[in-house]
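Below is one structure; the comments refer to it alone.
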Amino acid sequence: MTEQPNINPAGDGPTLMQIASRVLNRPLLLHPTKAEVILHVLQGRLPMDNAQAAPLSPDANRFLGSWYGEDGRARKYAVSNGVATIPIVGSLVNRGAWIGAYSGMVSYEGISAQLREAEADPEVGAVLLDIDSPGGEATGMFSVSEQVRQLGQTKPVTAFVNDMAASAAYGIASAANEIVVSPTSIVGSIGVVLTHIDRSGEMEKKGVKATLIYAGQHKVDGNPFGPLSEQVQADLQAEVMKFYDQFVGLVARGRTGMTVEAIRATEARTFLGQDAIDRGLADRIASLDTVLAEMQTKAPGAGNRRKGFAMSKTTEAAAPQAENAGITEAQMSAAVEKARADGEAAGKVAATARIKSILTSEEAKGREAQAMVLALDTEMSADDASKVLAVAPKASRTASIADRAAAENELGADASGGRVDAAQKAATGWASAVANANKRFG
């Protein structure tokens, strides 16, 4: 019995059969030169007999490249001074959890997992997408792009093209708050491609003839054993156009400075560095180190984040008003700090009033010790404290607060153990109570 061939790549990456299943007869958001390379690799290397695709090894379903935080917790990305760096390197596939260039692929599934973790990570204040990808599968890109857009509303997301963001990779980048390129970055290729291979001539030379037995008129549309009919080609073209329309709309939503017409006018071309900026596909030129350093400076404090970042719906609504009023970023930061200080001062005043109300209430008479505990060691309101004191037993000896403050074992005893004036002791007790309250509310 002839042994079945096993189509394995070198190492633990995806097999040729798996690659073929992802790129043939499927809409791709892929740079054309990358598609040409893939087709060249597949040409003549896919067996037509009983070849079996080897199953993915366990490594293919394991996220790689985890880093550890200061608390020892493993992450799926590196964090430096509040900035999480998520690499998007290689061809994009919908599933597989491939993260890292060892396989030449990166999955939307893996990127999504990293974005979710970064969004929930309290140590992450901003996210840097380090992109070097020609694109890939159409399915899966749209949800990841939307996830990037949503994340950018709470934590600034910058896409750095290092050094290609084409097609699906650009679709992800377009949802970031900012796109930064190098002078040699390749950006664009906003288009869709679907490839069909007619292998009938190859099979005829080898004396192989395929017979398809099927049910359903369109069940075998696009099969590789013959040319495409006009109807099937028209159907596939219509499918490509649907993906294209969605792709253009997605980019227009992220790149608000570009119209749908301007995006279509690129005709899926790619642009280099400054040309991409001139077309509205990118924002500025900088190095990766510069971008990372800028983000690290701005990430810890929301007040330092640049105007273009939408931190919340409230911030988005307030920003245009501030700009129209001519308020500078420095003035806005000063106003925020003043409001914070005013809030803290108001909180301290309220805390002092609450303590005084509890200690001087009618219910506190004869229950001074309990009143002191409720005032200083709980956050109970004055009304609730009065209700608790009203049902509490009174001390056997009734004494006013001033009398208790004058006692040796209470507030106000001097360092030598001698007595001081009762009024002075009462004042000392009030000062101590207020200081303790400020510690809790300050």
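A note on labels: chains of the structure tokens are A, B, ... as shown, every chain counts residues from 1, and ligands are counted from 1 in their shown order.
Backbone DSSP over stretch 106-142 of chain A yields strand (DSSP E) at Val106, Ser107, Ala126, Val127, Leu128, Leu129, Asp130, Ile131, Asp132, Ser133, Gly135, Gly136 and Glu137 of chain A.
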Per residue of stretch 144-189 of chain A within 10 Å of stretch 102-125 of chain A, note the shortest atom pair and the distance in Å to one decimal, counting only C-alpha atoms, and order the rows by chain and increasing residue number, as CSV.
residue,atom,partner,partner_atom,distance
A:Val144,CA,A:Ser112,CA,6.0
A:Ser145,CA,A:Ser112,CA,9.4
A:Gln147,CA,A:Ser112,CA,7.4
A:Val148,CA,A:Leu115,CA,7.4
A:Gln150,CA,A:Glu119,CA,9.6
A:Leu151,CA,A:Glu119,CA,6.5
A:Gly152,CA,A:Glu119,CA,9.4
A:Thr154,CA,A:Glu119,CA,8.2
A:Lys155,CA,A:Gly125,CA,5.9
A:Pro156,CA,A:Gly125,CA,7.5
A:Val157,CA,A:Gly125,CA,9.5
A:Ile172,CA,A:Tyr108,CA,9.9
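Between A:Ala293 and the candidates A:Leu128, A:Val391, A:Ile179, A:Ala168, the tightest atom-to-atom separation, counting only C-alpha atoms, involves A:Leu128.
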| request: Would you kindly return, as a ChimeraX atom specification, each protein, DNA or RNA residue with an atom no farther than 10 Å from any atom of A:Pro183, considering only C-alpha atoms and excluding same-chain residues fewer than 4 positions away? | output: /A:163,272-276,284-287
| task | Between A:Gly226, A:Pro134, A:Gly207, A:Pro87, single out the one closest to A:Gly188, counting only C-alpha atoms. | result | A:Pro134
7 Å contact set for A:Ile88, only C-alpha atoms, chain neighbours under 3 positions out, as a short mmCIF file (atom, residue, chain, number, x, y, z; two decimals) with C-alpha atoms, in the first residue's frame:
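The new file selection.cif reads:
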data_model
loop_
_atom_site.label_atom_id
_atom_site.label_comp_id
_atom_site.auth_asym_id
_atom_site.auth_seq_id
_atom_site.Cartn_x
_atom_site.Cartn_y
_atom_site.Cartn_z
CA VAL A 106 -0.80 36.47 12.55
CA LEU A 129 0.18 48.81 16.97
CA ASP A 130 3.51 47.88 15.36
CA ILE A 131 2.40 46.88 11.85
CA ASP A 132 4.33 45.17 9.08
CA SER A 133 1.78 43.21 7.09
#
| request: Determine which residues of stretch 136-184 of chain A DSSP labels as alpha helix (DSSP H) from the backbone of this structure, then write them out as a ChimeraX atom specification. | output: /A:141-151,168-173
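With atom CA of A:Ser174 on one side and atom CA of A:Leu250 on the other, the separation reads 8.0 Å.
If only C-alpha atoms are the atoms counted, then among A:Val220, A:Ala210, A:Ala390, A:Ala234 the closest residue to A:Ser361 is A:Ala390.
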| field | 12 Å contact set for A:Ala138, only C-alpha atoms, chain neighbours under 2 positions out, as a VMD selection string | value | chain A and resid 22 to 23 26 to 30 91 to 95 107 to 108 135 to 136 140 to 145 167 to 172 190 to 194 239 to 240 242 to 244 246 to 247
Output N, CA and C atoms for every residue in the selection just made, as a tab-separated table (two decimals), in the first residue's frame.
chain	number	residue	atom	x	y	z
A	22	ARG	N	-6.96	28.80	2.37
A	22	ARG	CA	-7.24	30.16	2.82
A	22	ARG	C	-7.15	31.19	1.70
A	23	VAL	N	-6.39	30.92	0.64
A	23	VAL	CA	-6.15	31.95	-0.37
A	23	VAL	C	-6.85	31.71	-1.69
A	26	ARG	N	-11.30	32.68	-2.32
A	26	ARG	CA	-11.79	33.43	-1.17
A	26	ARG	C	-11.41	34.90	-1.36
A	27	PRO	N	-12.31	35.82	-0.98
A	27	PRO	CA	-11.95	37.25	-1.09
A	27	PRO	C	-10.80	37.57	-0.13
A	28	LEU	N	-9.80	38.24	-0.64
A	28	LEU	CA	-8.65	38.60	0.19
A	28	LEU	C	-8.42	40.10	0.15
A	29	LEU	N	-8.07	40.64	1.29
A	29	LEU	CA	-7.61	42.02	1.37
A	29	LEU	C	-6.09	41.94	1.48
A	30	LEU	N	-5.45	41.81	0.31
A	30	LEU	CA	-4.05	41.43	0.26
A	30	LEU	C	-3.33	42.25	-0.80
A	91	SER	N	1.19	37.79	7.29
A	91	SER	CA	-0.11	37.70	6.64
A	91	SER	C	-1.20	37.45	7.67
A	92	LEU	N	-2.36	38.05	7.46
A	92	LEU	CA	-3.45	37.99	8.42
A	92	LEU	C	-4.41	36.87	8.07
A	93	VAL	N	-4.72	36.03	9.06
A	93	VAL	CA	-5.69	34.95	8.88
A	93	VAL	C	-6.75	35.08	9.96
A	94	ASN	N	-7.90	34.48	9.70
A	94	ASN	CA	-9.03	34.67	10.61
A	94	ASN	C	-8.85	33.90	11.91
A	95	ARG	N	-8.38	32.67	11.83
A	95	ARG	CA	-8.22	31.84	13.03
A	95	ARG	C	-6.84	31.22	13.07
A	107	SER	N	-3.01	36.02	13.45
A	107	SER	CA	-4.45	35.84	13.33
A	107	SER	C	-5.22	37.00	13.92
A	108	TYR	N	-6.39	37.26	13.33
A	108	TYR	CA	-7.30	38.24	13.91
A	108	TYR	C	-7.70	37.79	15.31
A	135	GLY	N	-1.46	42.34	4.55
A	135	GLY	CA	-2.89	42.07	4.60
A	135	GLY	C	-3.16	40.59	4.67
A	136	GLY	N	-4.35	40.19	4.27
A	136	GLY	CA	-4.70	38.77	4.33
A	136	GLY	C	-6.18	38.56	4.10
A	140	GLY	N	-12.91	38.56	9.29
A	140	GLY	CA	-12.19	38.74	10.56
A	140	GLY	C	-11.61	40.12	10.73
A	141	MET	N	-11.26	40.78	9.61
A	141	MET	CA	-10.63	42.10	9.71
A	141	MET	C	-11.58	43.16	10.24
A	142	PHE	N	-12.84	43.10	9.82
A	142	PHE	CA	-13.78	44.16	10.17
A	142	PHE	C	-14.04	44.21	11.67
A	143	SER	N	-14.16	43.05	12.30
A	143	SER	CA	-14.42	43.04	13.74
A	143	SER	C	-13.21	43.54	14.52
A	144	VAL	N	-12.01	43.20	14.08
A	144	VAL	CA	-10.81	43.67	14.77
A	144	VAL	C	-10.66	45.18	14.60
A	145	SER	N	-10.95	45.69	13.41
A	145	SER	CA	-10.88	47.13	13.18
A	145	SER	C	-11.84	47.87	14.11
A	167	SER	N	-3.82	46.80	2.55
A	167	SER	CA	-5.11	46.12	2.48
A	167	SER	C	-5.67	45.86	3.87
A	168	ALA	N	-5.85	44.59	4.29
A	168	ALA	CA	-6.46	44.30	5.59
A	168	ALA	C	-5.67	44.92	6.74
A	169	ALA	N	-4.35	44.95	6.63
A	169	ALA	CA	-3.54	45.57	7.68
A	169	ALA	C	-3.82	47.06	7.76
A	170	TYR	N	-4.06	47.69	6.60
A	170	TYR	CA	-4.42	49.11	6.63
A	170	TYR	C	-5.83	49.30	7.19
A	171	GLY	N	-6.71	48.34	6.93
A	171	GLY	CA	-8.05	48.41	7.50
A	171	GLY	C	-8.00	48.47	9.02
A	172	ILE	N	-7.10	47.71	9.63
A	172	ILE	CA	-6.92	47.76	11.09
A	172	ILE	C	-6.32	49.09	11.50
A	190	ILE	N	-6.22	49.60	-0.79
A	190	ILE	CA	-7.60	49.45	-0.32
A	190	ILE	C	-8.40	48.82	-1.45
A	191	GLY	N	-8.40	47.52	-1.48
A	191	GLY	CA	-9.08	46.78	-2.54
A	191	GLY	C	-9.26	45.33	-2.13
A	192	VAL	N	-9.89	44.56	-3.01
A	192	VAL	CA	-10.19	43.16	-2.74
A	192	VAL	C	-9.76	42.33	-3.95
A	193	VAL	N	-9.19	41.16	-3.68
A	193	VAL	CA	-8.80	40.26	-4.76
A	193	VAL	C	-9.29	38.85	-4.44
A	194	LEU	N	-9.76	38.16	-5.47
A	194	LEU	CA	-10.17	36.76	-5.34
A	194	LEU	C	-9.50	35.99	-6.47
A	239	GLU	N	-19.53	39.37	-5.27
A	239	GLU	CA	-19.09	39.14	-3.88
A	239	GLU	C	-17.89	40.03	-3.55
A	240	VAL	N	-16.96	40.13	-4.48
A	240	VAL	CA	-15.80	41.00	-4.28
A	240	VAL	C	-16.23	42.45	-4.09
A	242	LYS	N	-19.02	43.59	-2.87
A	242	LYS	CA	-19.63	43.77	-1.55
A	242	LYS	C	-18.55	43.98	-0.49
A	243	PHE	N	-17.52	43.15	-0.55
A	243	PHE	CA	-16.41	43.32	0.39
A	243	PHE	C	-15.72	44.67	0.18
A	244	TYR	N	-15.58	45.07	-1.07
A	244	TYR	CA	-14.92	46.33	-1.38
A	244	TYR	C	-15.69	47.52	-0.81
A	246	GLN	N	-17.74	47.55	1.72
A	246	GLN	CA	-17.60	47.54	3.18
A	246	GLN	C	-16.22	48.03	3.60
A	247	PHE	N	-15.20	47.65	2.86
A	247	PHE	CA	-13.83	48.06	3.16
A	247	PHE	C	-13.70	49.57	3.03
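With only C-alpha atoms as the atoms that count, the residue of A:Val208, A:Arg199, A:Glu368, A:Thr378 with the shortest distance to A:Gly222 is A:Arg199.
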| said: Using only C-alpha atoms, which protein or nucleic acid residues come within 9 Å of A:Phe271? Drop anything in the same chain fewer than 6 positions from it, and give the result as a ChimeraX atom specification. | reply: /A:185-189,277,279,281
| request: Write out as a PyMOL selection string each polymer residue whose atoms come within 10 Å of A:Ala353, counting only C-alpha atoms; drop sequence neighbours fewer than 5 positions from it. | output: chain A and resi 347-348+358+382+434
